[in-house]
>>> print(open('input21.txt').read())   # compact mmCIF, C-alpha atoms and all ligand atoms
# COMPACT_ATOMS: atom_id res chain seq x y z
CA MET A 1 0.00 0.00 0.00
CA ALA A 2 1.26 3.49 -0.86
CA LYS A 3 2.66 5.68 1.89
CA VAL A 4 1.55 9.27 2.21
CA LYS A 5 2.60 12.11 4.49
CA LYS A 6 0.01 12.97 7.04
CA LYS A 7 -0.20 15.88 9.43
CA ILE A 8 -0.62 14.55 12.98
CA LYS A 9 -2.30 16.92 15.37
CA SER A 10 -1.94 16.33 19.07
CA ILE A 11 -2.73 18.05 22.32
CA LYS A 12 -0.35 17.66 25.23
CA ILE A 13 -2.15 17.66 28.57
CA ASP A 14 -0.29 18.93 31.62
CA LEU A 15 -2.27 17.66 34.60
CA ASP A 16 -0.25 19.77 37.01
CA LYS A 17 -1.55 22.95 35.37
CA CYS A 18 -5.25 22.04 35.12
CA ASN A 19 -7.36 23.63 37.86
CA GLY A 20 -10.66 22.13 36.70
CA CYS A 21 -12.17 25.43 35.50
CA ARG A 22 -14.02 23.61 32.66
CA ALA A 23 -13.55 26.46 30.17
CA CYS A 24 -12.45 23.82 27.64
CA GLU A 25 -15.80 21.99 27.94
CA VAL A 26 -17.74 25.22 27.45
CA ALA A 27 -15.66 26.24 24.41
CA CYS A 28 -15.92 22.82 22.74
CA SER A 29 -19.67 22.49 23.19
CA ALA A 30 -20.25 26.06 21.90
CA PHE A 31 -18.06 25.42 18.85
CA HIS A 32 -20.03 22.29 17.97
CA ALA A 33 -23.47 23.79 18.66
CA LYS A 34 -25.77 24.21 15.68
CA PRO A 35 -25.72 27.05 14.74
CA LYS A 36 -22.15 27.49 15.93
CA TYR A 37 -21.78 29.27 19.30
CA SER A 38 -25.58 29.40 19.76
CA SER A 39 -25.44 27.43 23.05
CA ASN A 40 -23.08 25.65 25.38
CA ASN A 41 -23.59 22.48 27.35
CA PRO A 42 -20.59 20.56 28.74
CA ALA A 43 -22.50 17.30 28.21
CA ARG A 44 -22.04 17.91 24.46
CA SER A 45 -18.32 18.61 24.77
CA ARG A 46 -15.68 16.36 23.23
CA ILE A 47 -13.39 17.03 26.15
CA ARG A 48 -14.64 16.24 29.67
CA LEU A 49 -13.18 16.93 33.06
CA ILE A 50 -12.89 14.11 35.56
CA ARG A 51 -13.04 16.26 38.66
CA ASP A 52 -12.73 15.51 42.34
CA PRO A 53 -11.67 18.71 44.12
CA LEU A 54 -11.49 17.04 47.55
CA ARG A 55 -8.78 14.72 46.25
CA ASP A 56 -7.24 17.39 44.00
CA VAL A 57 -8.04 15.33 40.90
CA TYR A 58 -8.50 17.29 37.68
CA LEU A 59 -8.19 15.17 34.57
CA PRO A 60 -9.15 16.45 31.10
CA VAL A 61 -10.04 13.52 28.79
CA TYR A 62 -10.67 13.73 25.04
CA ALA A 63 -13.44 11.76 23.35
CA GLY A 64 -11.97 9.02 21.19
CA GLU A 65 -13.41 6.01 19.43
CA TYR A 66 -16.89 4.61 19.75
CA THR A 67 -16.97 1.08 21.13
CA LYS A 68 -19.88 -1.34 20.91
CA ALA A 69 -18.97 -3.42 23.97
CA GLU A 70 -17.49 -2.49 27.32
CA CYS A 71 -14.15 -4.08 28.18
CA SER A 72 -14.04 -6.93 30.67
CA GLY A 73 -10.80 -5.82 32.35
CA ARG A 74 -10.28 -2.40 33.91
CA ASP A 75 -7.16 -0.49 34.91
CA LYS A 76 -6.54 1.55 38.02
CA TYR A 77 -3.89 4.24 38.08
CA VAL A 78 -2.15 5.68 41.11
CA MET A 79 -0.06 8.78 40.39
CA ASP A 80 1.51 11.11 42.91
CA GLY A 81 -0.43 9.26 45.60
CA LYS A 82 -3.79 9.94 43.91
CA GLU A 83 -5.86 6.96 42.86
CA TYR A 84 -7.97 7.31 39.73
CA ASN A 85 -11.14 5.38 39.03
CA GLU A 86 -11.04 2.47 36.60
CA CYS A 87 -12.50 4.23 33.57
CA ASP A 88 -11.06 7.72 34.16
CA PHE A 89 -8.36 7.65 31.49
CA CYS A 90 -10.49 5.92 28.87
CA ARG A 91 -11.49 7.97 25.81
CA ALA A 92 -14.12 5.61 24.46
CA SER A 93 -17.79 6.29 24.00
CA CYS A 94 -18.83 3.03 25.65
CA PRO A 95 -22.13 1.41 26.76
CA SER A 96 -21.09 1.29 30.44
CA ARG A 97 -21.16 5.07 31.01
CA ASP A 98 -22.76 8.30 29.79
CA LEU A 99 -19.52 10.06 28.92
CA PHE A 100 -19.02 11.20 25.32
CA LYS A 101 -22.60 10.62 24.21
CA GLU A 102 -24.76 13.32 22.69
CA PRO A 103 -27.34 13.81 25.47
CA ASP A 104 -30.43 13.94 23.20
CA SER A 105 -29.68 11.21 20.67
CA GLY A 106 -27.20 9.09 22.68
CA LEU A 107 -24.94 8.98 19.62
CA PRO A 108 -21.16 8.98 20.22
CA LEU A 109 -19.13 12.17 20.37
CA LYS A 110 -15.53 12.28 19.16
CA CYS A 111 -12.95 15.06 19.21
CA ASP A 112 -12.42 16.29 15.64
CA MET A 113 -9.65 18.75 16.54
CA CYS A 114 -12.07 21.56 15.63
CA GLU A 115 -11.92 20.86 11.90
CA ASP A 116 -13.22 23.99 10.22
CA ASP A 117 -13.05 25.97 7.00
CA PRO A 118 -10.94 28.08 7.16
CA PRO A 119 -8.94 26.04 9.70
CA LEU A 120 -8.49 27.41 13.21
CA GLU A 121 -4.96 28.28 14.23
CA LYS A 122 -5.42 26.14 17.37
CA PRO A 123 -8.32 24.01 18.65
CA LEU A 124 -10.75 26.02 20.70
CA CYS A 125 -10.22 24.13 23.97
CA VAL A 126 -6.51 24.97 23.74
CA GLN A 127 -7.26 28.64 23.06
CA TRP A 128 -9.59 28.84 26.07
CA CYS A 129 -7.32 27.05 28.52
CA LEU A 130 -5.81 30.08 30.19
CA ASN A 131 -3.66 27.88 32.44
CA ASP A 132 -1.76 26.38 29.48
CA ALA A 133 -2.71 22.89 30.61
CA LEU A 134 -3.50 22.07 26.96
CA VAL A 135 -0.73 22.58 24.41
CA TYR A 136 -1.35 22.04 20.69
CA GLU A 137 1.35 20.37 18.57
CA GLU A 138 1.64 19.33 14.92
CA ARG A 139 4.05 16.96 13.20
CA GLU A 140 4.27 15.01 9.93
CA GLU A 141 4.30 11.22 9.74
CA GLU A 142 4.37 8.72 6.88
CA VAL A 143 1.29 6.52 6.99
CA GLU A 144 -0.41 4.05 4.67
CA GLU A 145 -2.98 5.69 2.44
CA GLU A 146 -6.45 5.71 3.95
CA VAL A 147 -9.04 3.98 1.84
CA LYS A 148 -12.20 4.00 3.91
CA PRO A 149 -14.29 6.91 5.19
CA GLU A 150 -13.99 5.88 8.87
CA GLU A 151 -16.07 8.63 10.42
CA VAL A 152 -19.12 7.81 8.32
CA GLU A 153 -18.77 4.10 9.10
CA VAL A 154 -18.53 4.65 12.85
CA GLY A 155 -21.56 6.96 12.78
CA LEU A 156 -23.58 4.40 10.84
CA GLU A 157 -22.45 1.52 13.05
CA SER A 158 -23.47 3.32 16.22
CA MET A 159 -26.85 4.28 14.72
CA VAL A 160 -27.48 0.66 13.75
CA ASP A 161 -26.56 -0.44 17.30
CA LYS A 162 -28.92 2.11 18.79
CA TYR A 163 -31.92 2.01 16.45
CA GLY A 164 -31.56 -1.30 14.61
CA LEU A 165 -30.63 -1.94 10.99
CA GLN A 166 -34.17 -1.90 9.60
CA LYS A 167 -35.00 1.48 11.13
CA VAL A 168 -31.79 3.05 9.83
CA MET A 169 -32.40 1.61 6.35
CA ASP A 170 -35.99 2.91 6.34
CA THR A 171 -34.78 6.38 7.34
CA VAL A 172 -32.09 6.43 4.64
CA ALA A 173 -34.67 5.28 2.06
CA ARG A 174 -37.07 8.06 3.16
CA MET A 175 -34.30 10.66 2.95
CA ALA A 176 -33.30 9.45 -0.52
CA LYS A 177 -36.89 9.80 -1.70
CA LYS A 178 -37.09 13.39 -0.45
CA GLU A 179 -34.04 14.37 -2.50
S1 LIG B 201 -9.93 19.95 19.93
FE1 LIG B 201 -11.89 20.93 19.41
S2 LIG B 201 -13.28 19.17 19.15
FE2 LIG B 201 -11.52 18.43 20.30
S3 LIG B 201 -12.10 18.67 22.45
FE3 LIG B 201 -10.93 20.51 21.85
S4 LIG B 201 -12.52 21.98 21.27
FE4 LIG B 201 -13.47 19.95 21.26
S1 LIG B 202 -9.61 24.91 30.45
FE1 LIG B 202 -7.58 24.08 31.00
S2 LIG B 202 -7.42 24.41 33.20
FE2 LIG B 202 -9.57 24.65 32.70
S3 LIG B 202 -10.43 22.58 33.00
FE3 LIG B 202 -9.87 22.71 30.85
S4 LIG B 202 -7.79 21.84 30.76
FE4 LIG B 202 -8.21 22.33 32.90
>>> encode(input="input21.txt", output="structure tokens", more="lines below")
Ligand code: SF4
Ligand code: SF4
Amino acid sequence: MAKVKKKIKSIKIDLDKCNGCRACEVACSAFHAKPKYSSNNPARSRIRLIRDPLRDVYLPVYAGEYTKAECSGRDKYVMDGKEYNECDFCRASCPSRDLFKEPDSGLPLKCDMCEDDPPLEKPLCVQWCLNDALVYEEREEEVEEEVKPEEVEVGLESMVDKYGLQKVMDTVARMAKKE
């Protein structure tokens, strides 16, 4: 398979600098509101804060892949004497918790790095993090050429899981007729 150069975007998270202000959640949910910036609701954000002020735990987590089944094994982390819960570091939109699900439809949310046209200089959560806990970085990597439109497939797969194949097919057929 042919190799192509791909721009890799990443966000470095400095837990020591995060004070749990949740500005990143507000900014992300406002950016993804329809119309843009018309509302904000952290439950719609693609970054969520695991927060426990009494234990001084502030952990920003980005929404990653959708997963159909919860995992059977869980991991516990202890860092600097603080114990984190089993699912705290997980980025998945998973059936065992409400995190990273659109609150109205239940469909999975995933960080898209604020893809926009024209592109933003930095993702919005990074811009709004006044404590510099989130640092945006870009680099180039050689990867195998992508052949499948992953995002569309994941969206369809999760809709089929939630509503059933027949219902999704009926809806698509109805939409096709309207056009
Ligand atoms: S990079 Fe953009 S889409 Fe991702 S969590 Fe930050 S604001 Fe949301
Ligand atoms: S905006 Fe920055 S400091 Fe505030 S909660 Fe988000 S990551 Fe933490």
>>> residues_near_ligand(input="input21.txt", ligand="ligand LIG 201 (chain B)", cutoff="12 Å", atoms="all atoms listed in the file", output="PDB file with C-alpha atoms, in the frame of the given file")
ATOM      1  CA  LYS A   9      -2.300  16.920  15.370  1.00  0.00           C
ATOM      2  CA  SER A  10      -1.940  16.330  19.070  1.00  0.00           C
ATOM      3  CA  ILE A  11      -2.730  18.050  22.320  1.00  0.00           C
ATOM      4  CA  LYS A  12      -0.350  17.660  25.230  1.00  0.00           C
ATOM      5  CA  ILE A  13      -2.150  17.660  28.570  1.00  0.00           C
ATOM      6  CA  ARG A  22     -14.020  23.610  32.660  1.00  0.00           C
ATOM      7  CA  ALA A  23     -13.550  26.460  30.170  1.00  0.00           C
ATOM      8  CA  CYS A  24     -12.450  23.820  27.640  1.00  0.00           C
ATOM      9  CA  GLU A  25     -15.800  21.990  27.940  1.00  0.00           C
ATOM     10  CA  VAL A  26     -17.740  25.220  27.450  1.00  0.00           C
ATOM     11  CA  ALA A  27     -15.660  26.240  24.410  1.00  0.00           C
ATOM     12  CA  CYS A  28     -15.920  22.820  22.740  1.00  0.00           C
ATOM     13  CA  SER A  29     -19.670  22.490  23.190  1.00  0.00           C
ATOM     14  CA  ALA A  30     -20.250  26.060  21.900  1.00  0.00           C
ATOM     15  CA  PHE A  31     -18.060  25.420  18.850  1.00  0.00           C
ATOM     16  CA  HIS A  32     -20.030  22.290  17.970  1.00  0.00           C
ATOM     17  CA  ALA A  33     -23.470  23.790  18.660  1.00  0.00           C
ATOM     18  CA  TYR A  37     -21.780  29.270  19.300  1.00  0.00           C
ATOM     19  CA  ASN A  40     -23.080  25.650  25.380  1.00  0.00           C
ATOM     20  CA  PRO A  42     -20.590  20.560  28.740  1.00  0.00           C
ATOM     21  CA  ALA A  43     -22.500  17.300  28.210  1.00  0.00           C
ATOM     22  CA  ARG A  44     -22.040  17.910  24.460  1.00  0.00           C
ATOM     23  CA  SER A  45     -18.320  18.610  24.770  1.00  0.00           C
ATOM     24  CA  ARG A  46     -15.680  16.360  23.230  1.00  0.00           C
ATOM     25  CA  ILE A  47     -13.390  17.030  26.150  1.00  0.00           C
ATOM     26  CA  ARG A  48     -14.640  16.240  29.670  1.00  0.00           C
ATOM     27  CA  LEU A  49     -13.180  16.930  33.060  1.00  0.00           C
ATOM     28  CA  PRO A  60      -9.150  16.450  31.100  1.00  0.00           C
ATOM     29  CA  VAL A  61     -10.040  13.520  28.790  1.00  0.00           C
ATOM     30  CA  TYR A  62     -10.670  13.730  25.040  1.00  0.00           C
ATOM     31  CA  ALA A  63     -13.440  11.760  23.350  1.00  0.00           C
ATOM     32  CA  GLY A  64     -11.970   9.020  21.190  1.00  0.00           C
ATOM     33  CA  ARG A  91     -11.490   7.970  25.810  1.00  0.00           C
ATOM     34  CA  PHE A 100     -19.020  11.200  25.320  1.00  0.00           C
ATOM     35  CA  LEU A 109     -19.130  12.170  20.370  1.00  0.00           C
ATOM     36  CA  LYS A 110     -15.530  12.280  19.160  1.00  0.00           C
ATOM     37  CA  CYS A 111     -12.950  15.060  19.210  1.00  0.00           C
ATOM     38  CA  ASP A 112     -12.420  16.290  15.640  1.00  0.00           C
ATOM     39  CA  MET A 113      -9.650  18.750  16.540  1.00  0.00           C
ATOM     40  CA  CYS A 114     -12.070  21.560  15.630  1.00  0.00           C
ATOM     41  CA  GLU A 115     -11.920  20.860  11.900  1.00  0.00           C
ATOM     42  CA  ASP A 116     -13.220  23.990  10.220  1.00  0.00           C
ATOM     43  CA  PRO A 119      -8.940  26.040   9.700  1.00  0.00           C
ATOM     44  CA  LEU A 120      -8.490  27.410  13.210  1.00  0.00           C
ATOM     45  CA  GLU A 121      -4.960  28.280  14.230  1.00  0.00           C
ATOM     46  CA  LYS A 122      -5.420  26.140  17.370  1.00  0.00           C
ATOM     47  CA  PRO A 123      -8.320  24.010  18.650  1.00  0.00           C
ATOM     48  CA  LEU A 124     -10.750  26.020  20.700  1.00  0.00           C
ATOM     49  CA  CYS A 125     -10.220  24.130  23.970  1.00  0.00           C
ATOM     50  CA  VAL A 126      -6.510  24.970  23.740  1.00  0.00           C
ATOM     51  CA  GLN A 127      -7.260  28.640  23.060  1.00  0.00           C
ATOM     52  CA  TRP A 128      -9.590  28.840  26.070  1.00  0.00           C
ATOM     53  CA  CYS A 129      -7.320  27.050  28.520  1.00  0.00           C
ATOM     54  CA  LEU A 134      -3.500  22.070  26.960  1.00  0.00           C
ATOM     55  CA  VAL A 135      -0.730  22.580  24.410  1.00  0.00           C
ATOM     56  CA  TYR A 136      -1.350  22.040  20.690  1.00  0.00           C
ATOM     57  CA  GLU A 137       1.350  20.370  18.570  1.00  0.00           C
TER      58      GLU A 137
END
>>> closest_residue(input="input21.txt", among="A:Lys68, A:Gly164, A:Val172, A:Pro53", to="A:Pro95", atoms="only C-alpha atoms")
A:Lys68
>>> closest_residue(input="input21.txt", among="A:Leu59, A:Leu165, A:Ala176, A:Cys21", to="ligand LIG 202 (chain B)", atoms="all atoms listed in the file")
A:Cys21
>>> atom_distance(input="input21.txt", atom1="atom CA of A:Lys7", atom2="atom CA of A:Val143")
9.8 Å
>>> atom_distance(input="input21.txt", atom1="atom CA of A:Lys177", atom2="atom CA of A:Met159")
20.0 Å
>>> atom_distance(input="input21.txt", atom1="atom CA of A:Leu15", atom2="atom CA of A:Ala69")
28.9 Å
>>> closest_residue(input="input21.txt", among="A:Leu99, A:Cys94, A:Val168, A:Leu107", to="A:Cys71", atoms="all atoms listed in the file")
A:Cys94
>>> closest_residue(input="input21.txt", among="A:Val154, A:Gly81, A:Asp161, A:Glu145", to="A:Met1", atoms="all atoms listed in the file")
A:Glu145
>>> closest_residue(input="input21.txt", among="A:Ser38, A:Thr171, A:Thr67, A:Asn19", to="A:Ala133", atoms="all atoms listed in the file")
A:Asn19
>>> closest_residue(input="input21.txt", among="A:Leu54, A:Ile8, A:Ala92, A:Cys18", to="ligand LIG 202 (chain B)", atoms="only C-alpha atoms and all ligand atoms")
A:Cys18
